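Undergrad: Contents are mmCIF, C-alpha atoms; file name final.cif:
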```cif
data_protein
loop_
_atom_site.label_atom_id
_atom_site.label_comp_id
_atom_site.auth_asym_id
_atom_site.auth_seq_id
_atom_site.Cartn_x
_atom_site.Cartn_y
_atom_site.Cartn_z
CA MET R 283 13.05 25.61 -24.69
CA SER R 284 15.82 24.28 -26.79
CA GLU R 285 15.05 22.14 -29.81
CA LEU R 286 15.36 18.40 -29.96
CA PRO R 287 17.97 16.98 -32.31
CA PRO R 288 16.16 15.83 -35.49
CA ARG R 289 16.31 12.08 -34.90
CA LEU R 290 15.12 12.41 -31.30
CA ALA R 291 12.30 14.69 -32.46
CA GLU R 292 11.24 12.01 -34.95
CA ILE R 293 11.20 9.38 -32.22
CA VAL R 294 9.03 11.54 -29.97
CA GLY R 295 6.73 12.04 -32.97
CA GLU R 296 6.51 8.27 -33.52
CA PHE R 297 5.39 7.76 -29.94
CA GLN R 298 2.83 10.54 -30.18
CA GLU R 299 1.20 9.04 -33.27
CA VAL R 300 0.32 5.70 -31.73
CA ASP R 301 -1.97 4.49 -28.97
CA ARG R 302 -1.06 3.25 -25.53
CA THR R 303 -0.50 -0.40 -26.41
CA GLU R 304 1.51 0.43 -29.51
CA ARG R 305 3.70 2.74 -27.44
CA LEU R 306 4.75 -0.24 -25.36
CA ASP R 307 5.48 -2.24 -28.53
CA LEU R 308 7.56 0.67 -29.78
CA LEU R 309 9.46 0.87 -26.50
CA LEU R 310 10.22 -2.84 -26.79
CA GLU R 311 11.52 -2.30 -30.33
CA TYR R 312 13.95 0.30 -29.01
CA ALA R 313 14.99 -2.14 -26.28
CA ASN R 314 15.69 -4.81 -28.90
CA ASP R 315 17.54 -2.37 -31.14
CA LEU R 316 19.93 -1.20 -28.45
CA PRO R 317 23.38 -2.36 -29.62
CA ASP R 318 25.34 -4.62 -27.32
CA LEU R 319 28.20 -3.09 -25.42
CA PRO R 320 31.34 -3.38 -27.58
CA ALA R 321 33.76 -6.04 -26.38
CA ARG R 322 36.48 -3.45 -25.76
CA PHE R 323 34.52 -2.19 -22.71
CA GLU R 324 34.56 -5.60 -21.06
CA GLY R 325 36.08 -5.54 -17.64
CA GLN R 326 35.88 -1.75 -17.44
CA GLU R 327 33.92 -0.07 -14.71
CA LEU R 328 31.12 1.88 -16.35
CA GLU R 329 28.94 4.47 -14.67
CA ARG R 330 25.78 3.00 -13.22
CA VAL R 331 22.51 4.90 -13.55
CA HIS R 332 21.32 4.43 -9.99
CA GLU R 333 17.96 6.03 -10.68
CA CYS R 334 16.97 3.05 -12.83
CA GLN R 335 15.24 0.21 -11.01
CA THR R 336 17.45 -2.38 -12.71
CA PRO R 337 21.15 -2.27 -13.55
CA LEU R 338 21.90 0.11 -16.40
CA PHE R 339 25.35 1.39 -17.29
CA VAL R 340 26.28 4.25 -19.57
CA GLN R 341 29.52 5.35 -21.20
CA THR R 342 30.08 8.30 -23.54
CA GLU R 343 32.90 8.91 -26.01
CA VAL R 344 33.64 11.80 -28.35
CA GLU R 345 34.87 11.23 -31.91
CA ASP R 346 36.49 13.82 -34.18
CA GLY R 347 36.37 16.36 -31.38
CA ASP R 348 32.61 16.86 -31.51
CA ILE R 349 30.60 13.70 -32.29
CA VAL R 350 29.03 11.98 -29.30
CA ARG R 351 29.05 8.18 -29.09
CA LEU R 352 26.86 6.46 -26.52
CA TYR R 353 27.28 2.96 -25.11
CA PHE R 354 24.93 1.14 -22.75
CA ALA R 355 24.81 -2.15 -20.89
CA ALA R 356 21.51 -3.45 -19.57
CA PRO R 357 20.19 -6.95 -18.82
CA ASP R 358 17.52 -8.50 -21.05
CA GLU R 359 15.35 -9.06 -17.99
CA ALA R 360 14.94 -5.28 -17.77
CA PRO R 361 13.38 -4.37 -21.11
CA THR R 362 11.89 -1.09 -19.87
CA SER R 363 15.23 0.40 -18.80
CA LYS R 364 16.77 -1.04 -21.94
CA GLY R 365 14.05 0.63 -24.02
CA PHE R 366 14.78 4.01 -22.44
CA ALA R 367 18.46 3.57 -23.19
CA GLY R 368 17.52 2.50 -26.73
CA ILE R 369 15.55 5.70 -27.31
CA ILE R 370 18.42 7.86 -26.10
CA HIS R 371 20.88 5.87 -28.17
CA ALA R 372 18.77 6.07 -31.33
CA GLY R 373 18.05 9.76 -30.80
CA LEU R 374 21.41 11.12 -29.67
CA ASP R 375 24.22 8.80 -30.75
CA GLY R 376 26.14 10.64 -33.47
CA CYS R 377 24.87 14.10 -32.46
CA THR R 378 27.24 16.95 -31.66
CA ILE R 379 28.16 17.75 -28.07
CA ASP R 380 26.09 20.94 -28.22
CA GLU R 381 23.06 19.08 -29.51
CA VAL R 382 23.23 16.59 -26.66
CA LEU R 383 23.85 19.25 -24.01
CA GLY R 384 20.97 21.30 -25.44
CA THR R 385 18.48 18.42 -25.30
CA PRO R 386 15.82 19.36 -22.75
CA SER R 387 15.98 17.08 -19.72
CA ASP R 388 12.21 16.58 -19.78
CA PHE R 389 12.00 15.53 -23.43
CA ALA R 390 10.62 12.15 -22.34
CA SER R 391 7.36 13.72 -21.17
CA GLY R 392 6.49 13.92 -24.87
CA LEU R 393 6.67 10.14 -25.27
CA GLY R 394 3.27 9.64 -23.65
CA LEU R 395 4.57 6.76 -21.58
CA ILE R 396 3.82 8.10 -18.10
CA GLU R 397 0.36 6.55 -18.01
CA VAL R 398 1.67 3.11 -19.02
CA VAL R 399 5.05 2.91 -17.36
CA SER R 400 4.28 4.83 -14.12
CA PRO R 401 5.74 8.26 -13.37
CA LEU R 402 8.47 6.91 -11.13
CA ARG R 403 9.94 4.68 -13.83
CA MET R 404 9.87 7.55 -16.32
CA ARG R 405 12.25 9.53 -14.15
CA SER R 406 15.02 7.21 -15.14
CA VAL R 407 14.98 8.60 -18.69
CA GLY R 408 15.91 12.04 -17.39
CA ALA R 409 18.49 10.41 -15.14
CA ILE R 410 20.18 8.64 -18.06
CA LEU R 411 20.32 11.89 -20.05
CA ALA R 412 21.64 13.82 -17.05
CA ARG R 413 24.49 11.34 -16.67
CA VAL R 414 25.31 11.50 -20.38
CA LYS R 415 25.47 15.31 -20.19
CA ARG R 416 27.56 15.26 -17.03
CA GLN R 417 30.09 12.91 -18.57
CA LEU R 418 30.36 15.22 -21.58
CA MET R 419 30.82 18.32 -19.44
CA GLU R 420 33.45 16.63 -17.31
CA ARG R 421 35.27 15.65 -20.47
CA ALA R 422 35.15 19.23 -21.74
CA ALA R 423 36.47 20.56 -18.43
CA ALA R 424 39.31 18.04 -18.27
CA MET B 227 -14.28 -26.09 -11.83
CA THR B 228 -11.10 -25.73 -9.86
CA LEU B 229 -8.11 -28.01 -10.24
CA ALA B 230 -6.91 -30.39 -7.55
CA ALA B 231 -4.09 -29.03 -5.40
CA ASP B 232 -0.44 -29.76 -6.09
CA THR B 233 0.60 -32.70 -3.91
CA ALA B 234 4.36 -32.00 -4.04
CA PRO B 235 5.85 -32.99 -0.64
CA LYS B 236 7.52 -29.60 0.00
CA LEU B 237 4.17 -27.81 -0.13
CA GLN B 238 2.33 -30.12 2.26
CA ALA B 239 4.13 -28.72 5.30
CA TYR B 240 2.67 -25.25 4.74
CA ALA B 241 -0.59 -24.27 6.41
CA HIS B 242 -2.42 -23.87 3.07
CA PRO B 243 -0.54 -25.96 0.52
CA GLU B 244 -3.34 -25.40 -2.00
CA ARG B 245 -2.16 -21.80 -2.39
CA LEU B 246 1.12 -22.77 -4.06
CA VAL B 247 2.04 -24.80 -7.11
CA THR B 248 5.43 -26.04 -8.21
CA THR B 249 6.86 -25.50 -11.68
CA ASP B 250 6.43 -29.28 -12.27
CA TRP B 251 2.74 -29.07 -11.49
CA LEU B 252 2.21 -26.07 -13.71
CA ALA B 253 4.08 -27.64 -16.63
CA GLU B 254 1.88 -30.70 -16.31
CA HIS B 255 -1.38 -28.76 -16.12
CA LEU B 256 -0.84 -26.05 -18.75
CA GLY B 257 -3.87 -26.04 -21.01
CA ASP B 258 -6.19 -27.77 -18.52
CA ASP B 259 -9.79 -26.61 -18.49
CA GLY B 260 -10.44 -24.29 -15.60
CA LEU B 261 -6.84 -23.10 -15.28
CA VAL B 262 -5.87 -19.50 -16.08
CA VAL B 263 -2.22 -18.50 -15.76
CA ILE B 264 -1.34 -14.87 -15.08
CA GLU B 265 2.08 -13.20 -15.36
CA SER B 266 2.45 -10.07 -13.25
CA ASN B 267 5.77 -8.22 -13.26
CA GLU B 268 7.53 -5.16 -12.04
CA ASP B 269 8.72 -4.46 -15.59
CA VAL B 270 5.74 -3.61 -17.79
CA LEU B 271 7.51 -4.86 -20.94
CA LEU B 272 8.87 -8.15 -19.65
CA TYR B 273 5.77 -10.23 -20.51
CA ARG B 274 6.11 -9.17 -24.14
CA THR B 275 9.64 -10.51 -24.32
CA GLY B 276 8.40 -14.02 -23.48
CA HIS B 277 5.92 -15.69 -21.14
CA ILE B 278 4.71 -19.16 -20.17
CA PRO B 279 2.60 -20.51 -23.05
CA GLY B 280 -1.01 -19.53 -22.55
CA ALA B 281 -0.30 -17.04 -19.76
CA HIS B 282 -2.12 -13.72 -19.69
CA HIS B 283 -0.57 -10.45 -18.59
CA VAL B 284 -1.85 -8.44 -15.65
CA ASP B 285 0.02 -5.21 -15.05
CA TRP B 286 -0.10 -3.88 -11.48
CA HIS B 287 -0.16 -0.29 -12.64
CA LEU B 288 -2.58 -0.52 -15.58
CA ASP B 289 -4.87 -3.38 -14.58
CA LEU B 290 -5.01 -3.39 -10.78
CA ASN B 291 -4.74 0.29 -9.84
CA ASP B 292 -7.39 2.89 -10.56
CA ASP B 293 -6.00 5.40 -13.03
CA VAL B 294 -7.35 8.48 -11.24
CA MET B 295 -7.65 7.85 -7.52
CA ARG B 296 -4.86 6.17 -5.56
CA ASP B 297 -6.77 2.95 -5.00
CA TYR B 298 -7.45 -0.43 -6.53
CA VAL B 299 -9.75 -0.81 -9.50
CA SER B 300 -13.50 -0.76 -9.02
CA PRO B 301 -15.48 -4.02 -8.86
CA GLU B 302 -16.69 -3.31 -12.42
CA ALA B 303 -13.16 -2.82 -13.73
CA PHE B 304 -11.94 -5.94 -11.92
CA ALA B 305 -14.77 -7.99 -13.42
CA ALA B 306 -13.95 -6.64 -16.90
CA MET B 307 -10.25 -7.44 -16.42
CA CYS B 308 -11.09 -11.03 -15.43
CA SER B 309 -13.63 -11.43 -18.21
CA ALA B 310 -11.15 -10.32 -20.87
CA ARG B 311 -8.80 -13.09 -19.73
CA GLY B 312 -11.46 -15.79 -19.67
CA ILE B 313 -11.50 -16.04 -15.88
CA THR B 314 -14.70 -17.20 -14.19
CA PRO B 315 -15.35 -17.30 -10.43
CA ASP B 316 -14.58 -21.04 -10.57
CA SER B 317 -11.26 -20.69 -12.37
CA THR B 318 -8.04 -21.79 -10.77
CA VAL B 319 -5.80 -18.77 -11.23
CA VAL B 320 -2.05 -19.31 -10.97
CA VAL B 321 0.05 -16.16 -10.76
CA TYR B 322 3.79 -15.83 -11.32
CA GLY B 323 6.12 -12.93 -12.02
CA ASP B 324 9.60 -11.41 -11.97
CA ASN B 325 11.57 -10.23 -8.99
CA PHE B 326 10.76 -13.00 -6.49
CA ASN B 327 7.03 -12.85 -7.25
CA TRP B 328 6.58 -9.42 -5.64
CA TRP B 329 3.97 -8.30 -8.10
CA ALA B 330 2.55 -11.80 -8.43
CA ALA B 331 1.93 -11.82 -4.68
CA TYR B 332 0.44 -8.33 -5.01
CA ALA B 333 -1.88 -9.50 -7.80
CA LEU B 334 -2.89 -12.53 -5.73
CA TRP B 335 -3.67 -10.22 -2.83
CA VAL B 336 -5.82 -7.97 -5.08
CA PHE B 337 -7.68 -11.04 -6.40
CA SER B 338 -8.27 -11.91 -2.75
CA LEU B 339 -9.71 -8.43 -2.04
CA PHE B 340 -12.35 -9.32 -4.61
CA GLY B 341 -12.89 -12.72 -3.03
CA HIS B 342 -11.64 -14.84 -5.93
CA ALA B 343 -11.74 -18.31 -4.37
CA ASP B 344 -8.88 -20.21 -5.97
CA VAL B 345 -5.80 -18.13 -6.65
CA ARG B 346 -2.34 -19.66 -6.26
CA LEU B 347 1.29 -18.58 -6.61
CA LEU B 348 3.89 -20.37 -8.69
CA ASP B 349 6.66 -21.19 -6.19
CA GLY B 350 9.85 -19.58 -7.53
CA GLY B 351 8.06 -17.41 -10.06
CA ARG B 352 9.29 -16.52 -13.51
CA ALA B 353 12.99 -16.84 -12.69
CA LYS B 354 12.73 -20.46 -11.54
CA TRP B 355 10.64 -21.45 -14.57
CA VAL B 356 13.21 -19.86 -16.91
CA ALA B 357 16.19 -21.27 -15.00
CA GLU B 358 14.75 -24.76 -15.43
CA GLY B 359 14.74 -24.25 -19.19
CA ARG B 360 10.98 -24.59 -19.50
CA ASP B 361 8.95 -23.32 -22.46
CA MET B 362 8.48 -19.61 -23.00
CA THR B 363 6.77 -17.96 -25.94
CA THR B 364 6.05 -14.55 -27.39
CA ASP B 365 2.84 -15.83 -29.00
CA ALA B 366 -0.17 -13.77 -28.03
CA THR B 367 -2.56 -15.55 -25.69
CA ALA B 368 -6.10 -15.68 -26.97
CA ALA B 369 -9.06 -15.78 -24.61
CA THR B 370 -12.76 -16.23 -25.01
CA PRO B 371 -14.25 -13.52 -22.81
CA SER B 372 -16.04 -15.01 -19.85
CA THR B 373 -18.75 -13.76 -17.57
CA TYR B 374 -17.29 -12.56 -14.30
CA PRO B 375 -19.70 -11.11 -11.74
CA VAL B 376 -19.26 -7.67 -10.23
CA VAL B 377 -18.16 -8.55 -6.71
CA PRO B 378 -17.74 -5.87 -4.02
CA ARG B 379 -14.18 -5.36 -2.86
CA ASP B 380 -13.59 -6.28 0.78
CA ASP B 381 -11.28 -3.59 2.11
CA ALA B 382 -11.62 -4.62 5.75
CA THR B 383 -10.30 -8.15 6.13
CA ILE B 384 -6.86 -8.19 4.51
CA ARG B 385 -6.27 -4.50 3.80
CA ALA B 386 -5.23 -1.85 6.31
CA PHE B 387 -5.44 1.92 5.93
CA LYS B 388 -3.42 4.64 7.64
CA GLU B 389 -6.04 5.04 10.37
CA ASP B 390 -5.92 1.32 11.08
CA VAL B 391 -2.15 1.47 11.44
CA LEU B 392 -2.40 4.44 13.83
CA LYS B 393 -4.80 2.46 16.03
CA HIS B 394 -2.57 -0.60 15.76
CA ILE B 395 0.48 1.03 17.31
CA GLY B 396 0.93 -0.60 20.70
CA ASN B 397 -1.91 -3.04 20.08
CA GLY B 398 -0.46 -5.63 17.76
CA PRO B 399 2.54 -6.63 15.70
CA LEU B 400 3.58 -4.37 12.83
CA VAL B 401 6.01 -5.89 10.36
CA ASP B 402 8.10 -3.53 8.25
CA VAL B 403 9.49 -5.62 5.40
CA ARG B 404 11.76 -2.98 3.85
CA SER B 405 15.54 -3.07 3.82
CA PRO B 406 17.36 -2.14 7.06
CA GLY B 407 18.44 1.20 5.52
CA GLU B 408 14.87 2.16 4.75
CA PHE B 409 13.71 1.02 8.19
CA SER B 410 16.27 3.17 9.98
CA GLY B 411 15.39 6.18 7.84
CA GLU B 412 18.84 6.40 6.31
CA LEU B 413 17.31 5.66 2.90
CA LEU B 414 14.00 6.92 1.58
CA HIS B 415 13.79 4.25 -1.09
CA MET B 416 15.07 0.77 -1.86
CA PRO B 417 18.80 0.41 -2.39
CA ASP B 418 19.48 1.12 -6.09
CA TYR B 419 15.91 2.20 -6.73
CA PRO B 420 14.76 5.68 -7.68
CA GLN B 421 13.85 8.20 -5.04
CA GLU B 422 10.14 7.99 -4.59
CA GLY B 423 9.46 11.43 -3.26
CA VAL B 424 8.99 10.61 0.41
CA GLN B 425 9.34 13.52 2.82
CA ARG B 426 10.41 11.65 5.93
CA GLY B 427 12.42 8.53 6.69
CA GLY B 428 12.08 6.05 9.52
CA HIS B 429 9.38 3.57 10.47
CA VAL B 430 6.03 3.30 12.18
CA PRO B 431 6.62 3.21 15.95
CA THR B 432 6.71 -0.35 17.37
CA ALA B 433 7.27 -1.92 13.92
CA GLN B 434 9.76 -4.77 13.70
CA ASN B 435 11.99 -5.05 10.67
CA VAL B 436 12.02 -8.34 8.76
CA PRO B 437 13.10 -7.70 5.16
CA TRP B 438 10.79 -9.65 2.80
CA LYS B 439 13.77 -11.47 1.29
CA ARG B 440 14.30 -13.49 4.43
CA ALA B 441 11.27 -15.59 3.42
CA ALA B 442 12.72 -16.52 0.03
CA ASN B 443 15.45 -18.78 -1.26
CA ASP B 444 17.83 -17.43 -3.88
CA ASP B 445 15.96 -19.27 -6.65
CA GLY B 446 12.81 -17.32 -5.78
CA SER B 447 10.99 -20.15 -4.03
CA PHE B 448 9.76 -19.88 -0.45
CA LYS B 449 11.81 -21.15 2.46
CA SER B 450 10.70 -24.23 4.35
CA VAL B 451 7.95 -23.90 6.91
CA ASP B 452 10.45 -24.51 9.73
CA ASP B 453 12.68 -21.68 8.56
CA LEU B 454 9.67 -19.39 8.26
CA ARG B 455 8.38 -20.30 11.73
CA GLY B 456 11.83 -19.60 13.11
CA ILE B 457 11.74 -16.07 11.74
CA TYR B 458 8.18 -14.91 12.33
CA GLU B 459 7.23 -16.98 15.38
CA GLY B 460 10.65 -17.54 16.90
CA GLU B 461 12.40 -14.20 16.38
CA LEU B 462 9.35 -11.92 16.33
CA GLY B 463 7.31 -13.94 18.79
CA MET B 464 4.16 -13.71 16.70
CA LYS B 465 1.39 -16.33 16.90
CA ALA B 466 -1.15 -17.54 14.35
CA GLY B 467 -4.03 -15.78 16.13
CA ASP B 468 -2.31 -12.36 16.26
CA ASP B 469 -3.71 -9.34 14.50
CA VAL B 470 -0.79 -8.41 12.23
CA ILE B 471 -0.19 -5.53 9.78
CA THR B 472 2.56 -5.65 7.15
CA TYR B 473 3.86 -2.71 5.15
CA CYS B 474 6.72 -1.67 2.89
CA ARG B 475 6.96 1.25 0.44
CA ILE B 476 3.98 0.85 -1.87
CA GLY B 477 2.61 -2.48 -0.72
CA GLU B 478 4.18 -4.95 -3.11
CA ARG B 479 6.97 -6.39 -0.98
CA SER B 480 4.57 -6.55 1.97
CA SER B 481 2.13 -8.59 -0.16
CA HIS B 482 4.92 -11.17 -0.35
CA THR B 483 5.17 -11.29 3.46
CA TRP B 484 1.36 -11.16 3.77
CA PHE B 485 1.26 -14.31 1.62
CA VAL B 486 3.89 -16.02 3.79
CA LEU B 487 2.10 -15.26 7.04
CA THR B 488 -1.42 -15.98 5.78
CA HIS B 489 -1.02 -18.93 3.48
CA LEU B 490 2.25 -20.58 4.44
CA LEU B 491 2.07 -20.13 8.22
CA GLY B 492 -1.71 -19.99 8.56
CA PHE B 493 -2.01 -16.65 10.40
CA GLU B 494 -5.69 -15.73 10.34
CA HIS B 495 -5.65 -11.96 10.76
CA VAL B 496 -3.00 -10.37 8.58
CA ARG B 497 -3.65 -7.09 6.80
CA ASN B 498 -1.43 -5.44 4.23
CA TYR B 499 -1.09 -1.64 4.55
CA ASP B 500 -0.78 -0.80 0.86
CA GLY B 501 -0.44 2.94 1.47
CA SER B 502 2.83 1.96 3.14
CA TRP B 503 5.80 4.31 3.50
CA VAL B 504 4.96 6.43 0.47
CA GLU B 505 1.81 7.47 2.35
CA TRP B 506 3.10 7.38 5.95
CA GLY B 507 6.34 9.24 5.21
CA ASN B 508 4.38 12.02 3.51
CA ALA B 509 1.46 12.27 5.93
CA VAL B 510 1.24 15.23 8.29
CA ARG B 511 1.61 14.56 12.00
CA VAL B 512 1.78 10.79 12.05
CA PRO B 513 4.32 9.43 14.53
CA ILE B 514 7.63 8.22 13.17
CA GLU B 515 10.39 6.35 14.95
CA LYS B 516 13.92 7.01 13.83
CA PRO B 517 17.18 6.22 15.58
CA ALA B 518 18.91 9.40 16.81
#
```
Rewrite the structure from the file as structure tokens, please.

TA:
Amino acid sequence: MSELPPRLAEIVGEFQEVDRTERLDLLLEYANDLPDLPARFEGQELERVHECQTPLFVQTEVEDGDIVRLYFAAPDEAPTSKGFAGIIHAGLDGCTIDEVLGTPSDFASGLGLIEVVSPLRMRSVGAILARVKRQLMERAAA
Amino acid sequence: MTLAADTAPKLQAYAHPERLVTTDWLAEHLGDDGLVVIESNEDVLLYRTGHIPGAHHVDWHLDLNDDVMRDYVSPEAFAAMCSARGITPDSTVVVYGDNFNWWAAYALWVFSLFGHADVRLLDGGRAKWVAEGRDMTTDATAATPSTYPVVPRDDATIRAFKEDVLKHIGNGPLVDVRSPGEFSGELLHMPDYPQEGVQRGGHVPTAQNVPWKRAANDDGSFKSVDDLRGIYEGELGMKAGDDVITYCRIGERSSHTWFVLTHLLGFEHVRNYDGSWVEWGNAVRVPIEKPA
């Protein structure tokens, strides 16, 4: 299994150290910390993550040829999806393309959230990551 | 002691007006002795971002479902859940939630399985309360633990199992409240929702499709009794004495329709099949109807 980028590994560690209730608090913190979508994306059609139960949109960019930038839009009424996006943003924004592509798709199983968020909802984390990776690969192929 | 029913004119036309309260009524009665307010959402984090002052959280997944077997919590666990929130058998429990009260209706239905006498829905749910600019808070709600008796769960009166549905085919109305795409088998899950791992698409033979949303206004409140009668009695030809089973995907949207038929229209024999399509579409050798 490939290794997690350092910041994402730290986040997984944070979740593992706390109990069930604190994990939900932590997830809410990541939801609150997710940066707003920059104004320059307004009016653009972003890719929707259809696997999420509530609207969530993702856009990737690459800076300096190799640094991945992640942008998300999610409504405040959907803090769980927003929290998932917040974890991925905090863990992978600023990583290299190879680091993001090498992130195991099932990294979220280490967050210990399945018992509190329900297995179905957890699948959306993998779905967000899969879409991020696909956008990066398409960019590389273009 | 339970609280007197909301006397708002809109509610009086329903068969059991005492099962609903308006946002005005709730705002006026917040903090009354004997009232416990419960928020129950689809999104497990939403309560933490803000809730009606004094409301307690009940999560469908963590508090109402058993964590090992696919079933509702045991009578002991239900009693403990109520006790932790200061609920007594005499409490008036008002439930509200996100997404058109799906999970609020589900919670109300689970409270009813355990025979809690006075449990009501907030008409319009969380969205209407917020849209009206009413108070929300992130303050934790304190409760003095109460004594709640261990009451057996009644799984026969308002709950249907797969075997009941099999016997029901051809013998009584079945209402499938999913979206038309799910009903036809074209979709195995709700539009824009994750795939839920169902093997087969379609519907239970003889079921009629009335998406749950038809019972609700856009602000989340219930439609008028005349509109509701037009749909369920007029279009479907059902009558108050009929033995009816509702189902959806995992039983939450069909709790909404169960509430409409039972408490707003006064149908006396409505059961919710909570196994719903996630069970039926995975079960071996149960009949499925699907357009060619």

Undergrad: Would you mind listing what lies within 6 Å of region 262-268 of chain B as a PyMOL selection string, with only C-alpha atoms counted and same-chain residues fewer than 2 positions away left out?

TA: chain B and resi 281-285+319-324+329-330

Undergrad: Keeping C-alpha atoms for every residue in the selection just given, could you write it to a file as an mmCIF file, in the coordinates of the input?

TA:
```cif
data_model
loop_
_atom_site.group_PDB
_atom_site.id
_atom_site.type_symbol
_atom_site.label_atom_id
_atom_site.label_comp_id
_atom_site.auth_asym_id
_atom_site.auth_seq_id
_atom_site.Cartn_x
_atom_site.Cartn_y
_atom_site.Cartn_z
ATOM 1 C CA ALA B 281 -0.300 -17.040 -19.760
ATOM 2 C CA HIS B 282 -2.120 -13.720 -19.690
ATOM 3 C CA HIS B 283 -0.570 -10.450 -18.590
ATOM 4 C CA VAL B 284 -1.850 -8.440 -15.650
ATOM 5 C CA ASP B 285 0.020 -5.210 -15.050
ATOM 6 C CA VAL B 319 -5.800 -18.770 -11.230
ATOM 7 C CA VAL B 320 -2.050 -19.310 -10.970
ATOM 8 C CA VAL B 321 0.050 -16.160 -10.760
ATOM 9 C CA TYR B 322 3.790 -15.830 -11.320
ATOM 10 C CA GLY B 323 6.120 -12.930 -12.020
ATOM 11 C CA ASP B 324 9.600 -11.410 -11.970
ATOM 12 C CA TRP B 329 3.970 -8.300 -8.100
ATOM 13 C CA ALA B 330 2.550 -11.800 -8.430
#
```

Undergrad: Kindly assemble as CSV a list of the chain R residues that lie within 7 Å of chain B, each paired with its nearest atom pair and their distance in Å to one decimal, using all atoms listed in the file, sorted first by chain and then by ascending residue number.

TA:
```
residue,atom,partner,partner_atom,distance
R:Leu306,CA,B:Leu271,CA,7.0
R:Leu310,CA,B:Leu271,CA,6.8
R:His332,CA,B:Asp418,CA,5.4
R:Glu333,CA,B:Pro420,CA,4.4
R:Cys334,CA,B:Pro420,CA,6.2
R:Gln335,CA,B:Tyr419,CA,4.8
R:Glu359,CA,B:Leu272,CA,6.8
R:Ala360,CA,B:Asp269,CA,6.6
R:Pro361,CA,B:Leu271,CA,5.9
R:Thr362,CA,B:Leu271,CA,5.9
R:Val398,CA,B:Leu288,CA,6.6
R:Val399,CA,B:Val270,CA,6.6
R:Ser400,CA,B:His287,CA,6.9
R:Leu402,CA,B:Glu422,CA,6.8
```

Undergrad: Ranking B:Thr432, B:Ala357, B:Lys516, B:Trp484 by minimum distance to Gly407 (chain B) and counting only C-alpha atoms, which one comes first?

TA: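 Of B:Thr432, B:Ala357, B:Lys516, B:Trp484, the one nearest Gly407 (chain B), counting only C-alpha atoms, is B:Lys516.
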
Undergrad: I need the residue set behind the PyMOL selection byres ((chain B and resi 365-379) around 12) for this file; please write it as a compact mmCIF listing (two decimals) with C-alpha atoms, in the coordinates of the input.

TA:
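Saved to part-v8.txt:
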```txt
# COMPACT_ATOMS: atom_id res chain seq x y z
CA GLY B 257 -3.87 -26.04 -21.01
CA GLY B 260 -10.44 -24.29 -15.60
CA VAL B 262 -5.87 -19.50 -16.08
CA VAL B 263 -2.22 -18.50 -15.76
CA ILE B 264 -1.34 -14.87 -15.08
CA GLU B 265 2.08 -13.20 -15.36
CA TYR B 273 5.77 -10.23 -20.51
CA ARG B 274 6.11 -9.17 -24.14
CA THR B 275 9.64 -10.51 -24.32
CA GLY B 276 8.40 -14.02 -23.48
CA HIS B 277 5.92 -15.69 -21.14
CA ILE B 278 4.71 -19.16 -20.17
CA PRO B 279 2.60 -20.51 -23.05
CA GLY B 280 -1.01 -19.53 -22.55
CA ALA B 281 -0.30 -17.04 -19.76
CA HIS B 282 -2.12 -13.72 -19.69
CA HIS B 283 -0.57 -10.45 -18.59
CA ASP B 297 -6.77 2.95 -5.00
CA TYR B 298 -7.45 -0.43 -6.53
CA VAL B 299 -9.75 -0.81 -9.50
CA SER B 300 -13.50 -0.76 -9.02
CA PRO B 301 -15.48 -4.02 -8.86
CA GLU B 302 -16.69 -3.31 -12.42
CA ALA B 303 -13.16 -2.82 -13.73
CA PHE B 304 -11.94 -5.94 -11.92
CA ALA B 305 -14.77 -7.99 -13.42
CA ALA B 306 -13.95 -6.64 -16.90
CA MET B 307 -10.25 -7.44 -16.42
CA CYS B 308 -11.09 -11.03 -15.43
CA SER B 309 -13.63 -11.43 -18.21
CA ALA B 310 -11.15 -10.32 -20.87
CA ARG B 311 -8.80 -13.09 -19.73
CA GLY B 312 -11.46 -15.79 -19.67
CA ILE B 313 -11.50 -16.04 -15.88
CA THR B 314 -14.70 -17.20 -14.19
CA PRO B 315 -15.35 -17.30 -10.43
CA ASP B 316 -14.58 -21.04 -10.57
CA SER B 317 -11.26 -20.69 -12.37
CA TRP B 335 -3.67 -10.22 -2.83
CA VAL B 336 -5.82 -7.97 -5.08
CA PHE B 337 -7.68 -11.04 -6.40
CA SER B 338 -8.27 -11.91 -2.75
CA LEU B 339 -9.71 -8.43 -2.04
CA PHE B 340 -12.35 -9.32 -4.61
CA GLY B 341 -12.89 -12.72 -3.03
CA HIS B 342 -11.64 -14.84 -5.93
CA ALA B 343 -11.74 -18.31 -4.37
CA ASP B 361 8.95 -23.32 -22.46
CA MET B 362 8.48 -19.61 -23.00
CA THR B 363 6.77 -17.96 -25.94
CA THR B 364 6.05 -14.55 -27.39
CA ASP B 380 -13.59 -6.28 0.78
CA ASP B 381 -11.28 -3.59 2.11
CA ALA B 382 -11.62 -4.62 5.75
CA THR B 383 -10.30 -8.15 6.13
CA ILE B 384 -6.86 -8.19 4.51
CA ARG B 385 -6.27 -4.50 3.80
```

Undergrad: Using all atoms listed in the file, determine which residues lie at most 8 Å from Val340 (chain R), disregarding the query and same-chain residues fewer than 3 positions distant; provide the list as a PyMOL selection string.

TA: chain R and resi 328-331+352-355+410+413-414

Undergrad: Looking at only C-alpha atoms, which of R:His371, R:Leu286, R:Tyr312, R:Gly408 is the one that sits closest to Gln341 (chain R)?

TA: R:His371

Undergrad: Quick one: apply the PyMOL selection byres ((chain B and resi 488) around 12) to the file and drop the selected residues here as a VMD selection string.

TA: chain B and resid 240 to 243 245 331 335 338 383 to 384 454 458 465 to 472 480 to 487 489 to 498
